[in-house]
file protein_22.cif (mmCIF, C-alpha atoms; chains and numbers go by the auth columns)
data_protein
#
loop_
_atom_site.group_PDB
_atom_site.id
_atom_site.type_symbol
_atom_site.label_atom_id
_atom_site.label_comp_id
_atom_site.label_asym_id
_atom_site.label_seq_id
_atom_site.Cartn_x
_atom_site.Cartn_y
_atom_site.Cartn_z
_atom_site.B_iso_or_equiv
_atom_site.auth_seq_id
_atom_site.auth_asym_id
ATOM 1 C CA MET A 1 188.519 -25.779 -14.148 0.00 1 J
ATOM 2 C CA THR A 2 185.107 -27.017 -13.107 0.00 2 J
ATOM 3 C CA PHE A 3 182.227 -24.954 -14.455 0.00 3 J
ATOM 4 C CA ASN A 4 178.643 -26.106 -14.334 0.00 4 J
ATOM 5 C CA ILE A 5 175.157 -24.714 -13.873 0.00 5 J
ATOM 6 C CA LYS A 6 172.823 -27.483 -12.778 0.00 6 J
ATOM 7 C CA HIS A 7 169.931 -28.141 -15.144 0.00 7 J
ATOM 8 C CA ALA A 8 166.751 -27.476 -13.159 0.00 8 J
ATOM 9 C CA GLU A 9 163.959 -30.029 -13.376 0.00 9 J
ATOM 10 C CA SER A 10 161.484 -27.155 -13.339 0.00 10 J
ATOM 11 C CA LEU A 11 161.637 -23.375 -13.344 0.00 11 J
ATOM 12 C CA SER A 12 159.109 -20.932 -11.950 0.00 12 J
ATOM 13 C CA ARG A 13 157.076 -19.139 -14.602 0.00 13 J
ATOM 14 C CA GLY A 14 156.362 -16.373 -12.081 0.00 14 J
ATOM 15 C CA GLU A 15 160.075 -15.763 -11.460 0.00 15 J
ATOM 16 C CA LEU A 16 160.697 -15.902 -15.207 0.00 16 J
ATOM 17 C CA ILE A 17 158.162 -13.143 -15.867 0.00 17 J
ATOM 18 C CA LEU A 18 159.364 -11.148 -12.849 0.00 18 J
ATOM 19 C CA ARG A 19 162.994 -11.343 -14.077 0.00 19 J
ATOM 20 C CA ALA A 20 161.950 -10.414 -17.615 0.00 20 J
ATOM 21 C CA LEU A 21 159.963 -7.369 -16.530 0.00 21 J
ATOM 22 C CA PHE A 22 161.758 -6.142 -13.410 0.00 22 J
ATOM 23 C CA GLY A 23 165.019 -8.110 -13.215 0.00 23 J
ATOM 24 C CA TRP A 24 167.003 -5.063 -14.235 0.00 24 J
ATOM 25 C CA ILE A 25 165.714 -3.248 -11.130 0.00 25 J
ATOM 26 C CA TYR A 26 166.066 -5.883 -8.449 0.00 26 J
ATOM 27 C CA ILE A 27 168.875 -8.106 -9.798 0.00 27 J
ATOM 28 C CA TYR A 28 171.036 -6.486 -12.473 0.00 28 J
ATOM 29 C CA LEU A 29 171.135 -2.923 -11.141 0.00 29 J
ATOM 30 C CA PRO A 30 172.178 -3.721 -7.546 0.00 30 J
ATOM 31 C CA HIS A 31 174.517 -6.563 -8.512 0.00 31 J
ATOM 32 C CA GLY A 32 175.937 -4.576 -11.439 0.00 32 J
ATOM 33 C CA PHE A 33 176.597 -1.563 -9.230 0.00 33 J
ATOM 34 C CA VAL A 34 178.423 -3.568 -6.562 0.00 34 J
ATOM 35 C CA LEU A 35 180.216 -5.764 -9.127 0.00 35 J
ATOM 36 C CA LEU A 36 181.509 -2.621 -10.831 0.00 36 J
ATOM 37 C CA PHE A 37 183.439 -1.588 -7.724 0.00 37 J
ATOM 38 C CA VAL A 38 184.424 -5.110 -6.730 0.00 38 J
ATOM 39 C CA GLY A 39 185.549 -5.649 -10.339 0.00 39 J
ATOM 40 C CA LEU A 40 187.692 -2.503 -10.162 0.00 40 J
ATOM 41 C CA TRP A 41 189.357 -3.926 -7.073 0.00 41 J
ATOM 42 C CA GLY A 42 189.813 -7.194 -8.975 0.00 42 J
ATOM 43 C CA ALA A 43 191.482 -5.284 -11.831 0.00 43 J
ATOM 44 C CA ILE A 44 193.879 -3.627 -9.369 0.00 44 J
ATOM 45 C CA LEU A 45 194.723 -7.023 -7.864 0.00 45 J
ATOM 46 C CA SER A 46 195.222 -8.415 -11.357 0.00 46 J
ATOM 47 C CA PHE A 47 197.682 -5.611 -12.160 0.00 47 J
ATOM 48 C CA ILE A 48 199.613 -6.227 -8.935 0.00 48 J
ATOM 49 C CA SER A 49 199.531 -9.983 -9.598 0.00 49 J
ATOM 50 C CA TRP A 50 201.070 -9.449 -13.036 0.00 50 J
ATOM 51 C CA TRP A 51 204.172 -7.959 -11.429 0.00 51 J
ATOM 52 C CA ILE A 52 204.304 -10.615 -8.728 0.00 52 J
ATOM 53 C CA ILE A 53 204.072 -13.388 -11.354 0.00 53 J
ATOM 54 C CA LEU A 54 206.800 -11.695 -13.384 0.00 54 J
ATOM 55 C CA PHE A 55 209.219 -11.680 -10.443 0.00 55 J
ATOM 56 C CA THR A 56 208.205 -14.826 -8.531 0.00 56 J
ATOM 57 C CA GLY A 57 206.399 -17.058 -11.053 0.00 57 J
ATOM 58 C CA ARG A 58 203.447 -17.422 -8.661 0.00 58 J
ATOM 59 C CA TYR A 59 199.987 -15.897 -8.475 0.00 59 J
ATOM 60 C CA PRO A 60 199.359 -14.684 -4.887 0.00 60 J
ATOM 61 C CA GLN A 61 196.909 -17.217 -3.469 0.00 61 J
ATOM 62 C CA SER A 62 194.692 -14.708 -1.639 0.00 62 J
ATOM 63 C CA PHE A 63 194.425 -12.619 -4.829 0.00 63 J
ATOM 64 C CA PHE A 64 193.646 -15.778 -6.795 0.00 64 J
ATOM 65 C CA GLU A 65 190.866 -16.804 -4.390 0.00 65 J
ATOM 66 C CA PHE A 66 189.370 -13.313 -4.607 0.00 66 J
ATOM 67 C CA GLN A 67 189.342 -13.478 -8.424 0.00 67 J
ATOM 68 C CA VAL A 68 187.688 -16.921 -8.357 0.00 68 J
ATOM 69 C CA GLY A 69 185.074 -15.600 -5.910 0.00 69 J
ATOM 70 C CA LEU A 70 184.411 -12.658 -8.226 0.00 70 J
ATOM 71 C CA LEU A 71 184.015 -15.103 -11.117 0.00 71 J
ATOM 72 C CA ARG A 72 181.538 -17.204 -9.101 0.00 72 J
ATOM 73 C CA TRP A 73 179.516 -14.114 -8.229 0.00 73 J
ATOM 74 C CA SER A 74 179.251 -12.909 -11.827 0.00 74 J
ATOM 75 C CA THR A 75 178.340 -16.447 -12.929 0.00 75 J
ATOM 76 C CA ARG A 76 175.507 -16.578 -10.374 0.00 76 J
ATOM 77 C CA VAL A 77 174.109 -13.368 -11.858 0.00 77 J
ATOM 78 C CA ARG A 78 174.540 -14.554 -15.452 0.00 78 J
ATOM 79 C CA ALA A 79 172.747 -17.834 -14.624 0.00 79 J
ATOM 80 C CA ARG A 80 169.684 -15.762 -13.725 0.00 80 J
ATOM 81 C CA GLN A 81 170.145 -13.458 -16.695 0.00 81 J
ATOM 82 C CA TYR A 82 169.906 -16.420 -19.071 0.00 82 J
ATOM 83 C CA ASN A 83 167.044 -18.014 -17.059 0.00 83 J
ATOM 84 C CA LEU A 84 169.120 -21.103 -16.297 0.00 84 J
ATOM 85 C CA THR A 85 168.141 -21.191 -12.626 0.00 85 J
ATOM 86 C CA ASP A 86 165.691 -19.633 -10.211 0.00 86 J
ATOM 87 C CA GLY A 87 166.226 -17.750 -6.974 0.00 87 J
ATOM 88 C CA TYR A 88 168.004 -14.554 -6.112 0.00 88 J
ATOM 89 C CA PRO A 89 171.805 -14.604 -6.617 0.00 89 J
ATOM 90 C CA ALA A 90 173.779 -14.113 -3.418 0.00 90 J
ATOM 91 C CA PHE A 91 175.997 -11.050 -3.017 0.00 91 J
ATOM 92 C CA GLY A 92 179.692 -11.467 -2.205 0.00 92 J
ATOM 93 C CA VAL A 93 182.846 -13.197 -3.359 0.00 93 J
ATOM 94 C CA SER A 94 182.597 -15.804 -0.585 0.00 94 J
ATOM 95 C CA SER A 95 178.922 -16.689 -1.161 0.00 95 J
ATOM 96 C CA SER A 96 177.838 -19.921 -2.770 0.00 96 J
ATOM 97 C CA ASP A 97 174.969 -21.212 -4.858 0.00 97 J
ATOM 98 C CA PRO A 98 173.950 -24.894 -4.951 0.00 98 J
ATOM 99 C CA SER A 99 173.046 -24.718 -8.647 0.00 99 J
ATOM 100 C CA VAL A 100 176.229 -22.945 -9.818 0.00 100 J
ATOM 101 C CA THR A 101 179.659 -24.592 -9.576 0.00 101 J
ATOM 102 C CA VAL A 102 182.805 -22.697 -10.522 0.00 102 J
ATOM 103 C CA ASP A 103 186.107 -24.075 -9.250 0.00 103 J
ATOM 104 C CA VAL A 104 189.535 -23.137 -10.531 0.00 104 J
ATOM 105 C CA GLU A 105 192.607 -25.044 -9.423 0.00 105 J
ATOM 106 C CA TYR A 106 195.301 -22.832 -7.930 0.00 106 J
ATOM 107 C CA PRO A 107 198.481 -23.046 -10.045 0.00 107 J
ATOM 108 C CA GLU A 108 201.606 -23.662 -7.991 0.00 108 J
ATOM 109 C CA SER A 109 203.663 -21.831 -10.597 0.00 109 J
ATOM 110 C CA LEU A 110 203.090 -19.837 -13.770 0.00 110 J
ATOM 111 C CA SER A 111 205.417 -19.335 -16.713 0.00 111 J
ATOM 112 C CA ARG A 112 206.982 -15.890 -16.922 0.00 112 J
ATOM 113 C CA GLY A 113 207.492 -16.378 -20.650 0.00 113 J
ATOM 114 C CA THR A 114 203.816 -17.171 -21.187 0.00 114 J
ATOM 115 C CA LEU A 115 202.939 -14.127 -19.066 0.00 115 J
ATOM 116 C CA LEU A 116 204.939 -11.856 -21.366 0.00 116 J
ATOM 117 C CA LEU A 117 203.655 -13.606 -24.488 0.00 117 J
ATOM 118 C CA ARG A 118 200.046 -13.090 -23.329 0.00 118 J
ATOM 119 C CA THR A 119 200.704 -9.474 -22.420 0.00 119 J
ATOM 120 C CA PHE A 120 202.153 -8.473 -25.774 0.00 120 J
ATOM 121 C CA PHE A 121 200.555 -10.927 -28.203 0.00 121 J
ATOM 122 C CA GLY A 122 197.479 -12.278 -26.391 0.00 122 J
ATOM 123 C CA TRP A 123 195.226 -10.116 -28.523 0.00 123 J
ATOM 124 C CA LEU A 124 196.668 -11.830 -31.608 0.00 124 J
ATOM 125 C CA TYR A 125 196.678 -15.514 -30.686 0.00 125 J
ATOM 126 C CA VAL A 126 193.793 -15.513 -28.161 0.00 126 J
ATOM 127 C CA GLY A 127 191.697 -12.386 -28.648 0.00 127 J
ATOM 128 C CA ILE A 128 191.202 -12.608 -32.399 0.00 128 J
ATOM 129 C CA PRO A 129 190.464 -16.336 -32.885 0.00 129 J
ATOM 130 C CA HIS A 130 188.441 -16.814 -29.701 0.00 130 J
ATOM 131 C CA GLY A 131 186.783 -13.413 -30.062 0.00 131 J
ATOM 132 C CA PHE A 132 185.698 -14.280 -33.602 0.00 132 J
ATOM 133 C CA CYS A 133 184.151 -17.582 -32.532 0.00 133 J
ATOM 134 C CA LEU A 134 182.614 -16.176 -29.346 0.00 134 J
ATOM 135 C CA PHE A 135 181.070 -13.246 -31.229 0.00 135 J
ATOM 136 C CA PHE A 136 178.997 -15.561 -33.405 0.00 136 J
ATOM 137 C CA LEU A 137 178.274 -17.878 -30.489 0.00 137 J
ATOM 138 C CA ALA A 138 177.032 -14.872 -28.485 0.00 138 J
ATOM 139 C CA ILE A 139 174.515 -14.134 -31.230 0.00 139 J
ATOM 140 C CA ALA A 140 173.404 -17.781 -31.180 0.00 140 J
ATOM 141 C CA VAL A 141 173.154 -17.648 -27.361 0.00 141 J
ATOM 142 C CA LEU A 142 170.884 -14.604 -27.560 0.00 142 J
ATOM 143 C CA VAL A 143 168.609 -16.475 -29.958 0.00 143 J
ATOM 144 C CA ALA A 144 168.734 -19.628 -27.793 0.00 144 J
ATOM 145 C CA SER A 145 167.995 -17.575 -24.688 0.00 145 J
ATOM 146 C CA PHE A 146 164.984 -15.965 -26.385 0.00 146 J
ATOM 147 C CA ILE A 147 163.671 -19.376 -27.443 0.00 147 J
ATOM 148 C CA GLY A 148 164.464 -20.760 -23.972 0.00 148 J
ATOM 149 C CA PHE A 149 162.371 -18.006 -22.380 0.00 149 J
ATOM 150 C CA TRP A 150 159.296 -19.114 -24.324 0.00 150 J
ATOM 151 C CA VAL A 151 160.001 -22.785 -23.680 0.00 151 J
ATOM 152 C CA VAL A 152 160.118 -22.131 -19.923 0.00 152 J
ATOM 153 C CA LEU A 153 157.042 -19.925 -20.092 0.00 153 J
ATOM 154 C CA PHE A 154 154.956 -22.642 -21.743 0.00 154 J
ATOM 155 C CA THR A 155 156.477 -25.813 -20.273 0.00 155 J
ATOM 156 C CA GLY A 156 157.984 -24.682 -16.960 0.00 156 J
ATOM 157 C CA ARG A 157 161.276 -26.360 -17.906 0.00 157 J
ATOM 158 C CA MET A 158 164.320 -25.229 -19.869 0.00 158 J
ATOM 159 C CA SER A 159 165.234 -27.457 -22.788 0.00 159 J
ATOM 160 C CA GLU A 160 168.334 -29.437 -21.866 0.00 160 J
ATOM 161 C CA GLY A 161 169.928 -28.696 -25.252 0.00 161 J
ATOM 162 C CA ILE A 162 169.465 -24.932 -24.889 0.00 162 J
ATOM 163 C CA HIS A 163 170.657 -25.102 -21.283 0.00 163 J
ATOM 164 C CA ASN A 164 173.827 -27.015 -22.219 0.00 164 J
ATOM 165 C CA PHE A 165 174.549 -24.680 -25.148 0.00 165 J
ATOM 166 C CA ILE A 166 174.331 -21.542 -22.990 0.00 166 J
ATOM 167 C CA VAL A 167 176.372 -23.131 -20.176 0.00 167 J
ATOM 168 C CA GLY A 168 178.971 -24.226 -22.747 0.00 168 J
ATOM 169 C CA PHE A 169 179.235 -20.673 -24.040 0.00 169 J
ATOM 170 C CA LEU A 170 179.700 -19.322 -20.498 0.00 170 J
ATOM 171 C CA ARG A 171 182.293 -22.031 -19.805 0.00 171 J
ATOM 172 C CA TRP A 172 184.249 -21.097 -22.948 0.00 172 J
ATOM 173 C CA THR A 173 184.251 -17.379 -22.105 0.00 173 J
ATOM 174 C CA THR A 174 185.370 -18.203 -18.566 0.00 174 J
ATOM 175 C CA ARG A 175 188.331 -20.265 -19.825 0.00 175 J
ATOM 176 C CA VAL A 176 189.416 -17.391 -22.069 0.00 176 J
ATOM 177 C CA SER A 177 189.088 -14.935 -19.146 0.00 177 J
ATOM 178 C CA LEU A 178 191.165 -17.184 -16.886 0.00 178 J
ATOM 179 C CA TYR A 179 193.912 -17.480 -19.495 0.00 179 J
ATOM 180 C CA LEU A 180 194.009 -13.759 -20.316 0.00 180 J
ATOM 181 C CA GLY A 181 193.782 -12.954 -16.586 0.00 181 J
ATOM 182 C CA ASN A 182 197.033 -14.885 -16.003 0.00 182 J
ATOM 183 C CA MET A 183 195.297 -17.401 -13.743 0.00 183 J
ATOM 184 C CA THR A 184 196.363 -20.388 -15.839 0.00 184 J
ATOM 185 C CA ASP A 185 198.961 -21.217 -18.466 0.00 185 J
ATOM 186 C CA THR A 186 196.658 -23.691 -20.248 0.00 186 J
ATOM 187 C CA TYR A 187 195.544 -22.306 -23.601 0.00 187 J
ATOM 188 C CA PRO A 188 191.717 -22.321 -23.737 0.00 188 J
ATOM 189 C CA PRO A 189 190.305 -24.947 -26.117 0.00 189 J
ATOM 190 C CA PHE A 190 187.778 -24.032 -28.792 0.00 190 J
ATOM 191 C CA SER A 191 185.005 -26.034 -27.189 0.00 191 J
ATOM 192 C CA LEU A 192 181.711 -25.725 -25.367 0.00 192 J
ATOM 193 C CA ASP A 193 182.673 -28.712 -23.157 0.00 193 J
#

call {"tool": "encode", "arguments": {"input": "protein_22.cif", "output": "structure tokens"}}
result
Amino acid sequence: MTFNIKHAESLSRGELILRALFGWIYIYLPHGFVLLFVGLWGAILSFISWWIILFTGRYPQSFFEFQVGLLRWSTRVRARQYNLTDGYPAFGVSSSDPSVTVDVEYPESLSRGTLLLRTFFGWLYVGIPHGFCLFFLAIAVLVASFIGFWVVLFTGRMSEGIHNFIVGFLRWTTRVSLYLGNMTDTYPPFSLD
């Protein structure tokens, strides 16, 4: 998986304030509304894919590409939510963003045994340990994001350390989502890298 949000040399203070005050109206509400329904379709495709993987050992490629597009879209929105990049996030699963890179390699085959193991015990060996770590990291990300807001407001640039920490957190959560979504058999590492 390739996951990166390009560190901007400078960020607009005007956009920062606009996102902070009205972002919920013009970014999060419209994107959230559409992503809700597109996400429901993604959940239906994920359910169908589970059965296809069980019988064929393969994730349907068109379903896989849709899920990756959905992941890219939500990442574009989250990049703005955490003030990692400027501009308005594009709508759609086939849209792109020059500052956000999310690529997931299509697996030629997936293990049926791992599929069943994830289904019945994923909460135990993935959900609990990763959830525990990600819970505390999420709190740290909220603090880092708050500090990052003020850094951008006064300097016009996000600290590279804060940027990398937040991107690392998003990368980690994405790896866990890919594994639990049956899009890879590779167990997600406990790492921000």

call {"tool": "residues_around", "arguments": {"input": "protein_22.cif", "residues": "Val167 in chain J", "least_positions_apart": "3", "cutoff": "10 Å", "atoms": "all atoms listed in the file", "output": "PyMOL selection string"}}
result
chain J and resi 3-7+78-79+82+84+141+161-164+170-173+192-193

call {"tool": "closest_residue", "arguments": {"input": "protein_22.cif", "among": "J:Ala90, J:Asn83, J:Val77, J:Arg175", "to": "Ser159 in chain J", "atoms": "only C-alpha atoms"}}
result
J:Asn83

call {"tool": "closest_atom_pairs", "arguments": {"input": "protein_22.cif", "of": "range 77-137 of chain J", "to": "range 41-65 of chain J", "cutoff": "12 Å", "atoms": "only C-alpha atoms", "output": "tab-separated table"}}
result
residue	atom	partner	partner_atom	distance
J:Val93	CA	J:Glu65	CA	8.9
J:Ser94	CA	J:Glu65	CA	9.2
J:Val102	CA	J:Glu65	CA	11.7
J:Asp103	CA	J:Glu65	CA	10.0
J:Val104	CA	J:Glu65	CA	8.9
J:Glu105	CA	J:Phe64	CA	9.7
J:Tyr106	CA	J:Phe64	CA	7.3
J:Pro107	CA	J:Tyr59	CA	7.5
J:Glu108	CA	J:Arg58	CA	6.5
J:Ser109	CA	J:Arg58	CA	4.8
J:Leu110	CA	J:Gly57	CA	5.1
J:Ser111	CA	J:Gly57	CA	6.2
J:Arg112	CA	J:Leu54	CA	5.5
J:Gly113	CA	J:Leu54	CA	8.7
J:Thr114	CA	J:Leu54	CA	10.0
J:Leu115	CA	J:Leu54	CA	7.3
J:Leu116	CA	J:Leu54	CA	8.2
J:Leu117	CA	J:Leu54	CA	11.7
J:Arg118	CA	J:Trp50	CA	11.0
J:Thr119	CA	J:Trp50	CA	9.4

call {"tool": "write_last_selection", "arguments": {"input": "protein_22.cif", "atoms": "C-alpha atoms", "output": "compact mmCIF listing (two decimals), in the frame of the given file"}}
result
# COMPACT_ATOMS: atom_id res chain seq x y z
CA VAL J 93 182.85 -13.20 -3.36
CA SER J 94 182.60 -15.80 -0.58
CA VAL J 102 182.80 -22.70 -10.52
CA ASP J 103 186.11 -24.08 -9.25
CA VAL J 104 189.54 -23.14 -10.53
CA GLU J 105 192.61 -25.04 -9.42
CA TYR J 106 195.30 -22.83 -7.93
CA PRO J 107 198.48 -23.05 -10.04
CA GLU J 108 201.61 -23.66 -7.99
CA SER J 109 203.66 -21.83 -10.60
CA LEU J 110 203.09 -19.84 -13.77
CA SER J 111 205.42 -19.34 -16.71
CA ARG J 112 206.98 -15.89 -16.92
CA GLY J 113 207.49 -16.38 -20.65
CA THR J 114 203.82 -17.17 -21.19
CA LEU J 115 202.94 -14.13 -19.07
CA LEU J 116 204.94 -11.86 -21.37
CA LEU J 117 203.66 -13.61 -24.49
CA ARG J 118 200.05 -13.09 -23.33
CA THR J 119 200.70 -9.47 -22.42

call {"tool": "atom_distance", "arguments": {"input": "protein_22.cif", "atom1": "CA of His130 in chain J", "atom2": "CA of Leu178 in chain J"}}
result
13.1 Å

call {"tool": "residues_near_point", "arguments": {"input": "protein_22.cif", "point": "(164.0, -30.3, -17.0)", "cutoff": "6 Å", "atoms": "all atoms listed in the file", "output": "ChimeraX atom specification"}}
result
/J:8-10,157-158

call {"tool": "residues_near_point", "arguments": {"input": "protein_22.cif", "point": "(159.1, -20.6, -13.2)", "cutoff": "8 Å", "atoms": "all atoms listed in the file", "output": "list in words"}}
result
Ser10, Leu11, Ser12, Arg13, Gly14, Glu15, Leu16, Ile17, Asp86, Val152, Leu153, Gly156 and Arg157 of chain J

call {"tool": "atom_distance", "arguments": {"input": "protein_22.cif", "atom1": "CA of Arg80 in chain J", "atom2": "CA of Leu18 in chain J"}}
result
11.3 Å

call {"tool": "atom_distance", "arguments": {"input": "protein_22.cif", "atom1": "CA of Trp73 in chain J", "atom2": "CA of Gly39 in chain J"}}
result
10.6 Å

call {"tool": "axis_aligned_box", "arguments": {"input": "protein_22.cif", "around": "range 64-67 of chain J", "padding_each_side": "4 Å", "output": "AutoDock Vina command-line options"}}
result
--center_x 191.5 --center_y -15.1 --center_z -6.4 --size_x 12.3 --size_y 11.5 --size_z 12.0

call {"tool": "resolve_selection", "arguments": {"input": "protein_22.cif", "expression": "the PyMOL selection byres ((chain J and resi 134-136) around 12)", "output": "list of chain:residue names"}}
result
J:Val126, J:Gly127, J:Ile128, J:Pro129, J:His130, J:Gly131, J:Phe132, J:Cys133, J:Leu137, J:Ala138, J:Ile139, J:Ala140, J:Val141, J:Leu142, J:Val143, J:Ile166, J:Gly168, J:Phe169, J:Leu170, J:Arg171, J:Trp172, J:Thr173, J:Thr174, J:Arg175, J:Val176, J:Phe190, J:Ser191, J:Leu192

call {"tool": "closest_residue", "arguments": {"input": "protein_22.cif", "among": "J:Phe146, J:Arg19, J:Asp97, J:Gln67", "to": "Gly181 in chain J", "atoms": "all atoms listed in the file"}}
result
J:Gln67

call {"tool": "closest_residue", "arguments": {"input": "protein_22.cif", "among": "J:Gln81, J:Gly23, J:Tyr28, J:Arg72", "to": "Phe149 in chain J", "atoms": "all atoms listed in the file"}}
result
J:Gln81

call {"tool": "closest_residue", "arguments": {"input": "protein_22.cif", "among": "J:Ser145, J:Leu180, J:Leu40, J:Thr186", "to": "Ala20 in chain J", "atoms": "all atoms listed in the file"}}
result
J:Ser145

call {"tool": "closest_residue", "arguments": {"input": "protein_22.cif", "among": "J:Gly87, J:Pro30, J:Gly122, J:Pro188", "to": "Ser99 in chain J", "atoms": "all atoms listed in the file"}}
result
J:Gly87
